[in-house]
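Asks: coords.cif is reproduced below (mmCIF, C-alpha atoms).
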```
data_model
#
loop_
_atom_site.label_atom_id
_atom_site.label_comp_id
_atom_site.auth_asym_id
_atom_site.auth_seq_id
_atom_site.Cartn_x
_atom_site.Cartn_y
_atom_site.Cartn_z
CA MET A 1 -14.60 -73.73 41.79
CA SER A 2 -14.93 -76.69 44.05
CA GLN A 3 -12.02 -78.09 46.00
CA ILE A 4 -12.33 -81.45 44.16
CA LEU A 5 -12.07 -79.83 40.71
CA LYS A 6 -8.98 -77.87 41.77
CA GLN A 7 -7.38 -81.06 43.01
CA LYS A 8 -8.19 -82.86 39.71
CA ILE A 9 -6.58 -80.06 37.67
CA LYS A 10 -3.51 -80.25 39.88
CA ILE A 11 -3.19 -84.02 39.40
CA PHE A 12 -3.75 -83.74 35.63
CA SER A 13 -1.07 -81.00 35.34
CA SER A 14 1.41 -83.11 37.28
CA ILE A 15 0.81 -86.14 35.05
CA LEU A 16 1.15 -84.01 31.91
CA PHE A 17 4.41 -82.53 33.18
CA ALA A 18 5.77 -85.98 33.98
CA VAL A 19 4.83 -87.30 30.52
CA LEU A 20 6.56 -84.35 28.87
CA ILE A 21 9.75 -84.92 30.87
CA VAL A 22 9.81 -88.65 30.05
CA SER A 23 9.11 -88.03 26.31
CA SER A 24 11.83 -85.43 26.10
CA PHE A 25 14.32 -87.79 27.75
CA SER A 26 13.21 -90.62 25.47
CA PHE A 27 13.72 -88.44 22.34
CA GLN A 28 17.19 -87.52 23.54
CA VAL A 29 18.09 -91.18 24.10
CA GLN A 30 16.72 -92.11 20.68
CA ALA A 31 18.69 -89.33 18.99
CA GLN A 32 21.82 -90.42 20.85
CA GLN A 33 21.26 -94.05 19.83
CA LYS A 34 20.73 -92.97 16.23
CA GLU A 35 23.93 -90.95 16.29
CA ASN A 36 25.81 -93.85 17.90
CA SER A 37 24.62 -96.20 15.18
CA LYS A 38 26.35 -94.09 12.53
CA LYS A 39 29.88 -93.65 11.32
CA TYR A 40 30.93 -90.33 9.80
CA ILE A 41 33.24 -89.69 6.88
CA LYS A 42 34.99 -86.60 5.60
CA LEU A 43 36.18 -86.82 2.01
CA GLU A 44 38.62 -84.16 0.87
CA VAL A 45 38.69 -84.07 -2.91
CA ASP A 46 40.92 -82.49 -5.54
CA GLY A 47 39.17 -80.76 -8.45
CA LEU A 48 35.81 -80.18 -6.79
CA ALA A 49 35.59 -76.79 -8.48
CA CYS A 50 31.94 -76.24 -9.39
CA PRO A 51 28.41 -77.22 -8.34
CA PHE A 52 28.14 -79.64 -11.26
CA CYS A 53 31.25 -81.48 -10.03
CA ALA A 54 30.02 -81.50 -6.44
CA TYR A 55 26.58 -82.79 -7.34
CA GLY A 56 28.21 -85.35 -9.64
CA LEU A 57 30.19 -86.67 -6.68
CA GLU A 58 27.03 -86.61 -4.55
CA LYS A 59 25.26 -88.66 -7.22
CA ASN A 60 28.00 -91.28 -7.25
CA LEU A 61 28.11 -91.51 -3.45
CA ARG A 62 24.33 -91.90 -3.15
CA ASN A 63 24.28 -94.56 -5.89
CA ASN A 64 27.07 -96.62 -4.30
CA ILE A 65 26.70 -96.30 -0.52
CA GLU A 66 23.59 -97.78 1.03
CA GLY A 67 22.19 -95.85 4.00
CA LEU A 68 24.16 -92.69 3.20
CA ASP A 69 22.78 -89.80 5.24
CA ASP A 70 23.60 -86.30 6.57
CA LEU A 71 25.39 -85.38 3.32
CA TYR A 72 27.04 -81.97 3.35
CA ILE A 73 29.08 -80.51 0.49
CA ASN A 74 31.51 -77.64 0.89
CA ILE A 75 32.44 -76.76 -2.68
CA GLU A 76 34.67 -73.83 -1.81
CA ASN A 77 36.94 -75.90 0.41
CA GLY A 78 36.54 -79.06 -1.66
CA TYR A 79 35.17 -81.59 0.81
CA VAL A 80 32.11 -83.72 1.48
CA THR A 81 30.92 -85.15 4.81
CA PHE A 82 28.29 -87.82 5.31
CA SER A 83 27.24 -90.68 7.57
CA PHE A 84 26.53 -94.35 6.97
CA PRO A 85 25.33 -97.26 9.19
CA LYS A 86 28.06 -98.25 11.65
CA GLN A 87 27.60 -101.97 11.04
CA ASP A 88 28.48 -101.55 7.36
CA LYS A 89 32.13 -101.74 6.44
CA LEU A 90 33.35 -99.02 4.11
CA LYS A 91 36.96 -99.24 3.03
CA ASN A 92 39.20 -96.45 1.75
CA LYS A 93 39.62 -98.27 -1.57
CA LYS A 94 35.89 -98.26 -2.27
CA LEU A 95 35.64 -94.56 -1.44
CA GLU A 96 38.64 -93.77 -3.64
CA ASP A 97 37.03 -95.68 -6.52
CA ILE A 98 33.72 -93.83 -6.10
CA VAL A 99 35.51 -90.46 -6.12
CA GLU A 100 37.58 -91.46 -9.15
CA GLU A 101 34.51 -92.66 -11.03
CA ALA A 102 32.99 -89.20 -10.54
CA GLY A 103 36.10 -87.69 -12.16
CA PHE A 104 38.08 -86.58 -9.09
CA LYS A 105 40.85 -87.69 -6.77
CA ALA A 106 40.41 -88.29 -3.03
CA ARG A 107 43.09 -86.25 -1.24
CA LYS A 108 42.26 -87.36 2.32
CA ILE A 109 39.66 -89.65 3.89
CA SER A 110 38.82 -89.30 7.60
CA PHE A 111 36.50 -91.48 9.71
CA SER A 112 34.83 -90.43 12.96
CA ASP A 113 32.20 -91.60 15.45
CA LYS A 114 30.90 -88.04 15.72
CA PRO A 115 29.64 -85.63 13.02
CA PHE A 116 32.31 -83.41 11.46
CA PRO A 117 31.80 -79.66 12.03
CA LYS A 118 30.31 -77.88 9.03
CA GLY A 119 32.37 -75.07 7.54
CA GLU A 120 30.85 -71.96 6.06
CA ASP A 121 30.28 -71.73 2.31
CA LYS A 122 31.56 -68.67 0.52
CA MET B 1 22.60 -22.68 -42.36
CA LYS B 2 19.95 -22.95 -39.66
CA ASN B 3 18.14 -25.64 -41.73
CA ILE B 4 21.34 -27.63 -42.16
CA ILE B 5 21.96 -27.61 -38.40
CA ILE B 6 18.38 -28.76 -37.77
CA ILE B 7 18.73 -31.55 -40.37
CA LEU B 8 22.07 -32.65 -38.90
CA PHE B 9 20.58 -32.62 -35.38
CA LEU B 10 17.55 -34.67 -36.47
CA GLY B 11 19.87 -37.04 -38.34
CA PHE B 12 21.94 -37.48 -35.16
CA LEU B 13 18.80 -38.21 -33.14
CA PHE B 14 17.63 -40.72 -35.77
CA LEU B 15 20.98 -42.52 -35.84
CA THR B 16 21.13 -42.61 -32.04
CA GLY B 17 17.65 -44.10 -31.89
CA CYS B 18 18.49 -46.76 -34.45
CA SER B 19 21.79 -47.83 -33.01
CA ASN B 20 22.27 -51.28 -31.49
CA ASN B 21 22.89 -51.74 -27.83
CA LYS B 22 26.03 -50.19 -26.42
CA GLY B 23 26.44 -52.57 -23.57
CA TYR B 24 24.75 -53.16 -20.25
CA LYS B 25 24.47 -51.14 -17.07
CA PHE B 26 24.23 -52.77 -13.64
CA VAL B 27 20.84 -51.99 -12.08
CA LYS B 28 20.31 -53.98 -8.86
CA GLU B 29 20.75 -57.18 -6.91
CA ILE B 30 17.93 -59.50 -5.90
CA LYS B 31 19.01 -61.15 -2.65
CA LEU B 32 18.06 -64.77 -2.03
CA GLU B 33 18.89 -65.53 1.59
CA GLY B 34 20.14 -69.05 2.26
CA MET B 35 20.03 -70.13 -1.36
CA ASN B 36 22.46 -71.20 -4.07
CA PRO B 37 20.59 -70.24 -7.26
CA ILE B 38 21.60 -72.18 -10.37
CA SER B 39 19.21 -70.54 -12.79
CA ALA B 40 16.65 -67.74 -13.08
CA ALA B 41 14.05 -67.22 -15.80
CA VAL B 42 11.51 -64.43 -16.10
CA GLY B 43 7.89 -65.46 -16.62
CA LYS B 44 4.71 -63.41 -16.90
CA THR B 45 3.89 -63.62 -13.19
CA GLY B 46 7.34 -63.69 -11.61
CA ILE B 47 10.90 -64.92 -11.75
CA TRP B 48 11.43 -68.69 -11.56
CA VAL B 49 14.56 -69.80 -9.74
CA SER B 50 16.11 -73.25 -9.34
CA ASP B 51 17.49 -73.35 -5.80
CA SER B 52 19.70 -76.42 -5.95
CA LYS B 53 20.93 -76.08 -2.36
CA ASN B 54 17.41 -76.55 -1.00
CA ASN B 55 16.27 -78.90 -3.77
CA ARG B 56 13.39 -76.69 -4.80
CA VAL B 57 12.09 -74.45 -7.57
CA ILE B 58 10.55 -71.17 -6.51
CA LYS B 59 8.79 -68.22 -8.06
CA ILE B 60 9.81 -64.85 -6.65
CA ASN B 61 8.88 -61.23 -7.27
CA GLU B 62 11.39 -58.49 -8.15
CA SER B 63 12.23 -57.98 -4.47
CA GLY B 64 13.05 -61.63 -3.94
CA LYS B 65 9.86 -62.49 -2.02
CA ILE B 66 8.81 -66.09 -2.57
CA LEU B 67 5.41 -66.30 -4.31
CA GLU B 68 5.31 -70.04 -5.05
CA GLU B 69 7.44 -72.98 -3.97
CA PHE B 70 7.82 -76.53 -5.29
CA ASN B 71 9.95 -78.93 -3.22
CA ASP B 72 11.54 -82.37 -3.36
CA PHE B 73 13.53 -81.94 -6.57
CA LYS B 74 16.90 -83.68 -6.68
CA ARG B 75 19.33 -80.87 -7.51
CA PRO B 76 17.33 -78.84 -10.05
CA MET B 77 19.66 -77.18 -12.56
CA HIS B 78 19.32 -74.81 -15.58
CA ILE B 79 15.56 -74.41 -16.13
CA SER B 80 13.56 -73.25 -19.15
CA LEU B 81 10.18 -71.54 -19.50
CA PHE B 82 7.86 -72.23 -22.38
CA LYS B 83 4.17 -71.37 -22.70
CA GLY B 84 3.71 -70.93 -18.95
CA LYS B 85 5.41 -74.20 -18.04
CA VAL B 86 8.71 -74.60 -16.22
CA TYR B 87 11.01 -77.38 -17.47
CA ILE B 88 13.46 -78.67 -14.85
CA PRO B 89 16.38 -81.05 -15.30
CA GLU B 90 17.09 -83.06 -12.13
CA PHE B 91 20.80 -83.74 -11.91
CA LEU B 92 20.66 -86.59 -9.37
CA ASN B 93 17.55 -88.33 -10.70
CA ASP B 94 18.43 -88.27 -14.42
CA SER B 95 14.94 -86.98 -15.09
CA ILE B 96 13.07 -83.99 -16.47
CA LYS B 97 10.17 -82.51 -14.53
CA VAL B 98 7.59 -79.96 -15.67
CA ILE B 99 5.67 -77.51 -13.50
CA GLY B 100 2.35 -76.52 -15.05
CA ASN B 101 -0.94 -75.40 -13.51
CA GLY B 102 0.49 -75.84 -10.03
CA LYS B 103 1.40 -79.49 -10.58
CA VAL B 104 4.75 -81.25 -11.05
CA LEU B 105 4.79 -83.89 -13.79
CA ASN B 106 7.44 -86.20 -15.27
CA PHE B 107 8.59 -85.59 -18.82
CA ASN B 108 9.78 -88.45 -21.04
CA LEU B 109 12.72 -87.41 -23.16
CA GLY B 110 13.01 -90.67 -25.09
CA ILE B 111 16.70 -91.11 -24.23
CA LYS B 112 17.86 -91.32 -20.61
CA PRO B 113 20.45 -88.68 -19.70
CA ASN B 114 23.14 -89.10 -17.05
CA ALA B 115 22.99 -85.96 -14.90
CA PRO B 116 20.97 -83.51 -17.03
CA ALA B 117 22.36 -80.06 -16.33
CA GLY B 118 20.40 -77.72 -18.60
CA ILE B 119 17.31 -77.65 -20.78
CA ASP B 120 15.72 -75.40 -23.37
CA VAL B 121 12.34 -75.62 -25.04
CA SER B 122 11.36 -73.89 -28.26
CA GLY B 123 8.25 -74.93 -30.20
CA SER B 124 8.38 -78.68 -30.76
CA PHE B 125 12.13 -78.79 -29.98
CA ILE B 126 13.53 -79.68 -26.56
CA ALA B 127 17.30 -79.78 -25.97
CA VAL B 128 19.00 -81.15 -22.86
CA ALA B 129 22.66 -80.87 -21.81
CA ASP B 130 23.57 -84.46 -20.87
CA PHE B 131 26.52 -83.74 -18.53
CA TYR B 132 28.11 -87.16 -17.94
CA ASN B 133 27.43 -88.43 -21.46
CA HIS B 134 29.09 -85.35 -23.00
CA ARG B 135 26.28 -84.73 -25.47
CA ILE B 136 23.08 -82.84 -26.18
CA ILE B 137 19.83 -84.75 -26.38
CA VAL B 138 17.35 -83.20 -28.81
CA LYS B 139 13.70 -84.18 -28.93
CA ASN B 140 11.56 -82.98 -31.79
CA GLY B 141 8.04 -84.34 -31.59
CA ASP B 142 8.36 -88.13 -31.54
CA SER B 143 11.97 -88.31 -32.68
CA THR B 144 14.96 -88.01 -30.33
CA TYR B 145 18.61 -87.75 -31.35
CA THR B 146 21.92 -86.67 -29.85
CA ILE B 147 24.56 -84.09 -30.76
CA GLY B 148 28.27 -84.38 -29.95
CA LYS B 149 30.47 -86.88 -28.17
CA LYS B 150 33.20 -86.73 -25.52
CA GLY B 151 36.25 -84.83 -26.73
CA HIS B 152 37.96 -81.53 -27.32
CA LYS B 153 37.78 -81.05 -31.08
CA ASN B 154 35.21 -78.97 -32.91
CA GLY B 155 31.80 -80.58 -32.56
CA GLU B 156 32.91 -82.60 -29.50
CA LEU B 157 31.83 -81.78 -25.96
CA PHE B 158 33.36 -82.06 -22.49
CA TYR B 159 30.81 -81.87 -19.67
CA PRO B 160 28.18 -79.58 -21.27
CA THR B 161 26.10 -77.73 -18.68
CA ASP B 162 23.62 -75.57 -20.58
CA VAL B 163 21.91 -75.32 -23.96
CA LYS B 164 19.78 -72.79 -25.87
CA ILE B 165 17.74 -73.08 -29.04
CA VAL B 166 17.77 -69.87 -31.08
CA LYS B 167 15.95 -69.97 -34.42
CA ASP B 168 17.64 -72.77 -36.39
CA LYS B 169 20.69 -73.00 -34.12
CA ILE B 170 21.55 -74.88 -30.93
CA VAL B 171 24.05 -73.12 -28.67
CA VAL B 172 25.91 -75.17 -26.05
CA ALA B 173 27.82 -74.16 -22.91
CA ASP B 174 30.70 -76.59 -23.43
CA ALA B 175 31.71 -76.09 -19.80
CA TYR B 176 35.02 -77.91 -19.40
CA ASN B 177 36.22 -77.19 -22.92
CA ASN B 178 35.88 -73.58 -21.70
CA ARG B 179 33.96 -72.42 -24.75
CA VAL B 180 30.59 -72.08 -26.45
CA GLN B 181 29.73 -74.21 -29.47
CA VAL B 182 27.07 -73.51 -32.08
CA PHE B 183 25.37 -76.31 -34.03
CA ASN B 184 22.51 -76.36 -36.48
CA ARG B 185 19.38 -78.19 -35.34
CA GLU B 186 20.46 -81.35 -37.11
CA GLY B 187 23.66 -81.35 -35.05
CA LYS B 188 26.16 -80.10 -37.64
CA PHE B 189 28.98 -78.08 -36.06
CA ILE B 190 28.94 -74.39 -37.08
CA SER B 191 31.38 -72.55 -34.80
CA ALA B 192 33.31 -72.50 -31.52
CA ILE B 193 33.27 -69.25 -29.56
CA GLY B 194 35.45 -67.89 -26.77
CA GLU B 195 38.34 -70.34 -27.07
CA LYS B 196 40.96 -67.59 -26.83
CA ASP B 197 39.37 -65.76 -23.90
CA SER B 198 40.76 -67.95 -21.09
CA ILE B 199 37.29 -68.92 -19.88
CA LYS B 200 37.34 -70.87 -16.62
CA VAL B 201 34.30 -73.16 -16.88
CA ALA B 202 31.60 -71.93 -19.27
CA THR B 203 28.61 -72.87 -17.13
CA GLY B 204 25.57 -71.00 -18.46
CA ILE B 205 24.42 -69.32 -21.64
CA ASP B 206 21.63 -67.38 -23.23
CA ALA B 207 21.34 -65.92 -26.69
CA ASP B 208 19.03 -63.80 -28.83
CA ALA B 209 19.15 -62.72 -32.47
CA ASN B 210 22.09 -60.36 -31.80
CA GLU B 211 24.21 -61.76 -28.99
CA ILE B 212 25.42 -64.83 -27.14
CA LEU B 213 26.09 -64.38 -23.40
CA VAL B 214 28.14 -66.87 -21.42
CA THR B 215 28.93 -67.07 -17.71
CA ASP B 216 32.66 -67.50 -17.10
CA SER B 217 32.18 -68.76 -13.55
CA GLY B 218 35.77 -69.16 -12.45
CA ASN B 219 36.68 -65.64 -13.57
CA ASN B 220 33.55 -64.02 -12.07
CA ARG B 221 32.42 -62.48 -15.34
CA VAL B 222 29.89 -62.72 -18.15
CA LEU B 223 31.23 -62.48 -21.70
CA ILE B 224 29.14 -61.11 -24.57
CA TYR B 225 29.73 -62.23 -28.17
CA ASN B 226 28.09 -61.49 -31.49
CA TRP B 227 27.09 -64.46 -33.63
CA LYS B 228 30.33 -64.20 -35.60
CA GLY B 229 32.15 -65.04 -32.36
CA LYS B 230 33.60 -61.58 -31.79
CA ARG B 231 33.70 -60.56 -28.13
CA ILE B 232 31.75 -57.31 -27.75
CA GLY B 233 31.46 -56.91 -24.00
CA THR B 234 32.35 -58.12 -20.50
CA LEU B 235 30.31 -57.77 -17.30
CA THR B 236 31.93 -58.04 -13.87
CA LYS B 237 30.03 -55.82 -11.44
CA SER B 238 28.18 -57.61 -8.63
CA LEU B 239 29.20 -61.04 -9.93
CA ASN B 240 30.38 -63.88 -7.69
CA TYR B 241 30.58 -67.25 -9.38
CA PRO B 242 27.94 -66.42 -12.03
CA ILE B 243 26.42 -69.67 -13.20
CA ASP B 244 23.57 -68.72 -15.52
CA VAL B 245 22.33 -65.78 -17.54
CA PHE B 246 18.85 -65.00 -18.82
CA ILE B 247 17.96 -62.39 -21.46
CA ASP B 248 14.63 -60.68 -20.77
CA ARG B 249 14.23 -58.16 -23.60
CA ASP B 250 16.19 -55.10 -22.37
CA GLU B 251 17.34 -56.68 -19.13
CA ILE B 252 19.54 -59.59 -18.25
CA LEU B 253 19.47 -61.63 -15.04
CA ILE B 254 22.62 -63.34 -13.82
CA SER B 255 22.43 -66.05 -11.14
CA ASN B 256 25.37 -66.00 -8.73
CA PHE B 257 25.78 -69.37 -7.06
CA TYR B 258 27.87 -68.60 -3.98
CA LYS B 259 26.62 -65.12 -3.21
CA GLY B 260 22.97 -66.16 -3.39
CA ILE B 261 21.95 -63.19 -5.49
CA ILE B 262 20.57 -62.43 -8.92
CA SER B 263 22.31 -59.49 -10.59
CA VAL B 264 20.14 -57.41 -12.91
CA TYR B 265 21.66 -55.44 -15.79
CA ARG B 266 19.88 -53.19 -18.32
CA LYS B 267 20.74 -52.61 -21.96
CA ILE B 268 22.11 -49.14 -22.80
CA ARG B 269 20.72 -47.84 -26.07
#
```
Re-express the file's structure as structure tokens.

Replies:
Amino acid sequence: MSQILKQKIKIFSSILFAVLIVSSFSFQVQAQQKENSKKYIKLEVDGLACPFCAYGLEKNLRNNIEGLDDLYINIENGYVTFSFPKQDKLKNKKLEDIVEEAGFKARKISFSDKPFPKGEDK
Amino acid sequence: MKNIIIILFLGFLFLTGCSNNKGYKFVKEIKLEGMNPISAAVGKTGIWVSDSKNNRVIKINESGKILEEFNDFKRPMHISLFKGKVYIPEFLNDSIKVIGNGKVLNFNLGIKPNAPAGIDVSGSFIAVADFYNHRIIVKNGDSTYTIGKKGHKNGELFYPTDVKIVKDKIVVADAYNNRVQVFNREGKFISAIGEKDSIKVATGIDADANEILVTDSGNNRVLIYNWKGKRIGTLTKSLNYPIDVFIDRDEILISNFYKGIISVYRKIR
């Protein structure tokens, strides 16, 4: 192999490595920005006893909250977590009404800028 | 004397052979890793399972290996098999889907349900448990009608989750009235079953000519009744939040929501 070809391969590898590093950093920044643009909610609900109830609550939340994402239901421990766009205002009263409309009672509502940890299902 | 003994022995064998089932024996568990199965139904080429956690319907073999997979359902619930097709109620979408020949198609029921939780198909009849409207939607050919309304009296329903058509009867898992109700196909109330058995959410049912089986989810058991409403058996082994039951001739399959397993029992004769 000629010296020139070896040098070309070396340059190409370096460029490829640099591109990979930059892309990876860019993805991380994007993911961070995406996470920062969200607000997280944990809804603890009384009476969330069966999958039908849980999915009923899910249905009501999805129908009434625009941009709802990252929905997680823990039926055993009776709570739901999800995210929504940070710029949107979501008041406790609205959430209580949505839960009530689905046939349950909101026991506790918590807001956070970071995702809530997911518990283990039974 | 010898002849009498032989006749008595043959008579005993004959009576034993003719007797009805004497209950069920637990056979095995089919493990479904990472799934919350709502319903399982045995077809000719495998067992169809609605995996609501992962919003999909899959076909598995008897070891639990996935043979076919259909995704993007919105919480598929109690499914039904009829003539090689799988009928799927989608709880979040208020729609009915049908898998046939490898394709997923929409099915028009004629009346829009609010959170369909269970479906059964038999000949030209299709019945759907309309959860939030507290009723059963029945479609027969071009005509569609409803059975029941919200309430706790005989003939009224409170969050029905499953339905079965058996001959001229429609059997309903009247989930939050904690009982089973039997109607004729026109919707006339016939009987209420299991009201004195302290059922804690009657989520799933199946029935044949002899028995009605109901999953008592909150008590981790399956109750067996005859058509007169008399309780004739209880299954508890290997059950953890049983949510549906399927009769497959001499075997029954019970879907356990939390444990992610299907429990298989066999009839003792």

Asks: Given the PyMOL selection byres ((chain A) within 12 of (chain B)) and the file above, list the residues it selects as JSON, numbers by chain.

Replies: {"A": [49, 50, 51, 52, 53, 54, 55, 56, 57, 58, 59, 60, 61, 62, 63, 71, 72, 73, 74, 75, 76, 101, 102, 103, 120, 121, 122]}

Asks: As a check of understanding, name the residues that the PyMOL selection byres ((chain B and resi 134) around 8) selects in the supplied structure, as a list in words.

Replies: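 When the PyMOL selection byres ((chain B and resi 134) around 8) is applied to the shown file, the picked residues are Ala129, Asp130, Phe131, Tyr132, Asn133, Arg135, Ile136, Gly148, Lys149, Lys150, Leu157, Phe158, Tyr159 and Pro160 of chain B.
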
Asks: Expand the PyMOL selection byres ((chain B and resi 61-65) around 6) into the individual residues it matches in the shown file, reporting them as a list in words.

Replies: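 Here the PyMOL selection byres ((chain B and resi 61-65) around 6) matches Ile30, Gly46, Ile60 and Ile66 of chain B.
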
Asks: Is there a way to get, as a list of chain:residue names, all residues within 12 Å of the point (31.6, -51.0, -13.0) in file coordinates, counting all atoms listed in the file?

Replies: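 Residues lying no farther than 12 Å from the given point: B:Gly23, B:Tyr24, B:Lys25, B:Phe26, B:Val27, B:Arg221, B:Thr234, B:Leu235, B:Thr236, B:Lys237, B:Ser238, B:Leu239, B:Tyr265.
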
Asks: Between CA of Phe82 (chain B) and CA of Lys267 (chain B), what distance in Å does the model show, to one decimal?

Replies: 23.5 Å

Asks: Extract, using all atoms listed in the file, all DNA, RNA and protein residues at most 10 Å from Leu109 (chain B), discarding same-chain residues fewer than 6 positions from it, and format them as a list in words.

Replies: Ser95, Ile96, Ile126, Ala127, Val128, Ile137, Val138, Lys139, Asn140, Asp142, Ser143 and Thr144 of chain B

Asks: For the atom pair CA of Asp46 (chain A) and CA of Gln181 (chain B), what is the interatomic distance in Å to one decimal place?

Replies: 27.7 Å

Asks: Just give me the gap between CA of Ile199 (chain B) and CA of Asn177 (chain B) in Å, one decimal is fine.

Replies: 8.9 Å

Asks: Of the candidates B:Ile190, B:Ile262, B:Ile247, B:Val121, which shows the shortest atom-to-atom distance to Ile212 (chain B), using only C-alpha atoms?

Replies: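 Ranking B:Ile190, B:Ile262, B:Ile247, B:Val121 by distance to Ile212 (chain B), first place goes to B:Ile247.
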
Asks: Which residue, A:Val45, A:Asn64, A:Lys108, A:Glu100, has the smallest gap to Asn77 (chain A) when you use all atoms listed in the file?

Replies: A:Val45

Asks: Between A:Pro117, A:Leu68, A:Phe12, A:Lys42, which has the minimum distance to Phe84 (chain A) (counting all atoms listed in the file)?

Replies: A:Leu68
